[in-house]
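Below is one structure; the comments refer to it alone.
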Amino acid sequence: MSAIASETELDDLLSAPCEGDVAALRAMEGDLLILGAGGKMGPSLARRARRAADQSGAAKRIVAVSRFSDAEAERQLREAGVETICADLLDFDHPAALPDASHVIFMAGRKFGSTGAAHLTWASNVYLPARLAERYRASKVVAFSSGNVYPLVAVSSRGATEDTVPDPAGEYAQSVLARERMFEFFSDRHGTHVCLLRLNYAVELRYGVLRDIGLRVFEGRPVDVRMGRVNVIWQGDANSVCLRSFAICSSPPTVLNVTGPETLSVRDVALRFGELFGRAPVFEGQESDTALLNNAARSHAMFGTPSVSAETAIEWTAEWIRAGQAGWDKPTHFETRDGRF
């Protein structure tokens, strides 16, 4: 595929549904509510769902709920046919006022800034999910979790599987596991059908692990290789898995890892960016024999391998950075090994 030339083209690609997405929306009886839709993934996911529903011929509401601190993002969603509700979900008067929906995607949460404000992280990642799990106990729920719930595993392994016992490091990851437990509790109590998506790491051209590495190489800043291996998945492909995961919701909840098939060497990715930029990367730190790695073979068997490979995403990212295109200045801190975000 050729390089992506603009944010309009990028947003169109991220929100373009595949046949599986269209089939998923066709099979979905009732409306879709996306909670926490104003973050990095939410807007493209909401537009993808809207486009898939339109292509399927199914008449349904796609409703996105967020604080929408970026008014332009909300305007663009409305123009795309997505209904929006501006609400702070941590204002606990709001859940009861939210519309009913047969299908719910839970995306709300807090990661960065957890160190020093752990109480807010736990409220966002545990108490809020509990309230919303109770509110939508009669719905099918796909809830985003994180591969951070797993322990660091040997880099020689293929990564943690869904059967790996969680052992989260740091309060952020602990609170994410607690979020899962809340959905499990209400699934057990009410029979709610749930799917928990353990994701790491979604990437596109304005943010993500690949941009973090590529930008450091381009600017001549050191690339930290302490977390020497990573997994990534193109954000559009992660969105697709999310929409299709309603088909595997269950009680007790289904757990599904979501990432790409490649285990990437951070050093090798930096060297590849160096080739594309024509400059040698600078490294700091030393690779460990463990890393946060996620094995998504089960997801690939269900839904197919991602449509965008890591190499393609690297090439697109390099062209994007070289052209001086927009970035969101939201580093992933993927190199963090102690769980302190």
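By convention in this document, the chains of the structure tokens carry letters A, B, ... by their order, each chain's residues are numbered from 1, and ligands are numbered from 1 in the order they are shown.
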From segment 22-234 of chain A, collect each residue whose DSSP state is strand (DSSP E) and return the set as a short mmCIF file (atom, residue, chain, number, x, y, z; two decimals) with N, CA and C atoms, in the first residue's frame.
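Produced file selection.cif, reproduced below:
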```
data_model
loop_
_atom_site.label_atom_id
_atom_site.label_comp_id
_atom_site.auth_asym_id
_atom_site.auth_seq_id
_atom_site.Cartn_x
_atom_site.Cartn_y
_atom_site.Cartn_z
N LEU A 32 -25.96 0.16 19.39
CA LEU A 32 -24.60 0.03 19.92
C LEU A 32 -24.23 1.31 20.67
N LEU A 33 -23.80 1.15 21.91
CA LEU A 33 -23.38 2.26 22.77
C LEU A 33 -21.90 2.10 23.06
N ILE A 34 -21.10 3.16 22.82
CA ILE A 34 -19.67 3.12 23.06
C ILE A 34 -19.36 4.08 24.19
N LEU A 35 -18.92 3.54 25.31
CA LEU A 35 -18.66 4.32 26.52
C LEU A 35 -17.17 4.66 26.60
N ILE A 62 -25.79 4.28 16.52
CA ILE A 62 -24.45 4.15 17.08
C ILE A 62 -24.26 5.39 17.95
N VAL A 63 -24.10 5.18 19.24
CA VAL A 63 -24.06 6.29 20.20
C VAL A 63 -22.70 6.29 20.90
N ALA A 64 -22.01 7.42 20.87
CA ALA A 64 -20.70 7.57 21.49
C ALA A 64 -20.81 8.48 22.70
N VAL A 65 -20.32 8.01 23.84
CA VAL A 65 -20.38 8.78 25.09
C VAL A 65 -18.96 9.12 25.53
N SER A 66 -18.74 10.40 25.83
CA SER A 66 -17.43 10.84 26.29
C SER A 66 -17.57 12.25 26.86
N GLU A 83 -24.33 9.39 16.84
CA GLU A 83 -24.92 10.21 17.89
C GLU A 83 -23.91 10.38 19.02
N THR A 84 -23.84 11.54 19.61
CA THR A 84 -22.91 11.77 20.71
C THR A 84 -23.64 12.25 21.95
N ILE A 85 -23.10 11.83 23.09
CA ILE A 85 -23.58 12.29 24.39
C ILE A 85 -22.36 12.78 25.16
N CYS A 86 -22.36 14.04 25.52
CA CYS A 86 -21.25 14.62 26.27
C CYS A 86 -21.52 14.41 27.75
N HIS A 103 -26.11 -3.64 22.90
CA HIS A 103 -24.68 -3.93 22.75
C HIS A 103 -23.88 -2.72 23.25
N VAL A 104 -22.89 -2.99 24.10
CA VAL A 104 -22.12 -1.92 24.74
C VAL A 104 -20.64 -2.23 24.60
N ILE A 105 -19.87 -1.21 24.19
CA ILE A 105 -18.41 -1.28 24.22
C ILE A 105 -17.92 -0.38 25.33
N PHE A 106 -17.13 -0.94 26.23
CA PHE A 106 -16.59 -0.16 27.35
C PHE A 106 -15.13 0.16 27.05
N LYS A 140 -25.12 -7.18 25.88
CA LYS A 140 -23.84 -7.80 25.58
C LYS A 140 -22.77 -6.72 25.71
N VAL A 141 -21.66 -7.05 26.36
CA VAL A 141 -20.62 -6.06 26.64
C VAL A 141 -19.27 -6.55 26.14
N VAL A 142 -18.61 -5.73 25.33
CA VAL A 142 -17.20 -5.93 25.00
C VAL A 142 -16.42 -4.86 25.73
N ALA A 143 -15.52 -5.27 26.61
CA ALA A 143 -14.79 -4.33 27.45
C ALA A 143 -13.29 -4.42 27.16
N PHE A 144 -12.67 -3.27 26.94
CA PHE A 144 -11.24 -3.25 26.72
C PHE A 144 -10.50 -3.43 28.04
N SER A 145 -9.55 -4.33 28.00
CA SER A 145 -8.61 -4.53 29.10
C SER A 145 -7.22 -4.27 28.53
N SER A 146 -6.20 -4.87 29.09
CA SER A 146 -4.83 -4.61 28.66
C SER A 146 -3.97 -5.83 28.88
N VAL A 153 7.25 -12.01 30.48
CA VAL A 153 7.53 -13.40 30.11
C VAL A 153 8.84 -13.45 29.33
N ALA A 154 9.38 -14.64 29.17
CA ALA A 154 10.65 -14.80 28.46
C ALA A 154 10.51 -14.32 27.02
N VAL A 194 -20.19 -11.21 28.24
CA VAL A 194 -19.09 -10.25 28.20
C VAL A 194 -17.92 -10.84 27.44
N CYS A 195 -17.17 -9.97 26.77
CA CYS A 195 -15.87 -10.34 26.22
C CYS A 195 -14.86 -9.30 26.68
N LEU A 196 -13.75 -9.76 27.24
CA LEU A 196 -12.69 -8.89 27.76
C LEU A 196 -11.51 -8.94 26.79
N LEU A 197 -11.16 -7.78 26.21
CA LEU A 197 -10.09 -7.71 25.21
C LEU A 197 -8.81 -7.21 25.86
N ARG A 198 -7.83 -8.11 25.96
CA ARG A 198 -6.52 -7.74 26.51
C ARG A 198 -5.64 -7.26 25.36
N LEU A 199 -5.57 -5.96 25.21
CA LEU A 199 -4.93 -5.32 24.05
C LEU A 199 -3.55 -4.77 24.40
N ALA A 202 -2.07 -0.97 20.37
CA ALA A 202 -2.64 -0.44 19.14
C ALA A 202 -1.76 0.70 18.64
N VAL A 203 -1.54 0.74 17.33
CA VAL A 203 -0.72 1.80 16.74
C VAL A 203 -1.43 2.40 15.54
N VAL A 223 17.03 5.57 21.87
CA VAL A 223 15.94 4.60 21.95
C VAL A 223 16.24 3.66 23.11
N ASP A 224 15.34 3.62 24.08
CA ASP A 224 15.50 2.77 25.26
C ASP A 224 15.14 1.33 24.87
N ARG A 229 11.47 -6.34 23.53
CA ARG A 229 10.52 -6.93 22.57
C ARG A 229 9.13 -6.36 22.83
N VAL A 230 8.37 -6.16 21.77
CA VAL A 230 7.01 -5.64 21.88
C VAL A 230 6.12 -6.29 20.83
N ILE A 233 -0.44 -3.84 17.03
CA ILE A 233 -1.49 -4.12 16.06
C ILE A 233 -2.01 -2.80 15.51
N TRP A 234 -2.22 -2.75 14.21
CA TRP A 234 -2.79 -1.57 13.58
C TRP A 234 -4.14 -1.28 14.21
#
```
Taking 5 positions as the minimum chain separation for residues in the same chain, which residues sit within 12 Å of Gly327 of chain A when counting only C-alpha atoms? Answer as a PyMOL selection string.
chain A and resi 6-7+40+204-208+211-212+214-215+317+320-322
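Distance check against Asn257 of chain A using only C-alpha atoms: of A:Glu74, A:Asp21, A:Asp163, A:Asp11, the minimum falls on A:Asp163.
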Selection near Arg226 of chain A, 6 Å with only C-alpha atoms, sequence-local residues under 4 positions removed, as a ChimeraX atom specification
/A:285-288
May I have the residues within 8 Å of Gly170 of chain A as a PyMOL selection string, using only C-alpha atoms and disregarding those fewer than 4 positions away in the same chain?
chain A and resi 174+338-340
What does the structure give for the distance between atom CA of Ala24 of chain A and atom CA of Ser245 of chain A, in Å to one decimal?
8.6 Å
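Using only C-alpha atoms, the contacts of segment 48-61 of chain A at a cut-off of 6 Å, with sequence neighbours closer than 6 positions omitted, comprise Ser15, Ala16, Pro17, Asp21, Val22, Leu25, Arg26 and Asp31 of chain A.
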Keeping only N, CA and C atoms, write the selected residues as a PDB file, in the first residue's frame.
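To be explicit, this is the file written out as selection.pdb:
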```pdb
ATOM      1  N   SER A  15     -11.279   3.813   9.810  1.00  0.00           N
ATOM      2  CA  SER A  15     -12.717   3.591  10.025  1.00  0.00           C
ATOM      3  C   SER A  15     -13.373   2.788   8.901  1.00  0.00           C
ATOM      4  N   ALA A  16     -12.572   2.306   7.945  1.00  0.00           N
ATOM      5  CA  ALA A  16     -13.141   1.551   6.817  1.00  0.00           C
ATOM      6  C   ALA A  16     -13.440   0.117   7.255  1.00  0.00           C
ATOM      7  N   PRO A  17     -14.697  -0.297   7.252  1.00  0.00           N
ATOM      8  CA  PRO A  17     -15.023  -1.643   7.743  1.00  0.00           C
ATOM      9  C   PRO A  17     -14.656  -2.727   6.743  1.00  0.00           C
ATOM     10  N   ASP A  21     -16.725  -6.956   9.656  1.00  0.00           N
ATOM     11  CA  ASP A  21     -17.380  -5.909  10.447  1.00  0.00           C
ATOM     12  C   ASP A  21     -18.822  -5.706   9.988  1.00  0.00           C
ATOM     13  N   VAL A  22     -19.004  -5.686   8.677  1.00  0.00           N
ATOM     14  CA  VAL A  22     -20.347  -5.489   8.133  1.00  0.00           C
ATOM     15  C   VAL A  22     -21.254  -6.633   8.566  1.00  0.00           C
ATOM     16  N   LEU A  25     -22.231  -6.201  12.276  1.00  0.00           N
ATOM     17  CA  LEU A  25     -23.282  -5.202  12.519  1.00  0.00           C
ATOM     18  C   LEU A  25     -24.626  -5.677  11.985  1.00  0.00           C
ATOM     19  N   ARG A  26     -24.615  -6.452  10.903  1.00  0.00           N
ATOM     20  CA  ARG A  26     -25.866  -6.998  10.377  1.00  0.00           C
ATOM     21  C   ARG A  26     -26.491  -7.964  11.376  1.00  0.00           C
ATOM     22  N   ASP A  31     -29.213  -1.487  19.261  1.00  0.00           N
ATOM     23  CA  ASP A  31     -28.290  -0.374  19.089  1.00  0.00           C
ATOM     24  C   ASP A  31     -26.945  -0.657  19.756  1.00  0.00           C
TER      25      ASP A  31
END
```
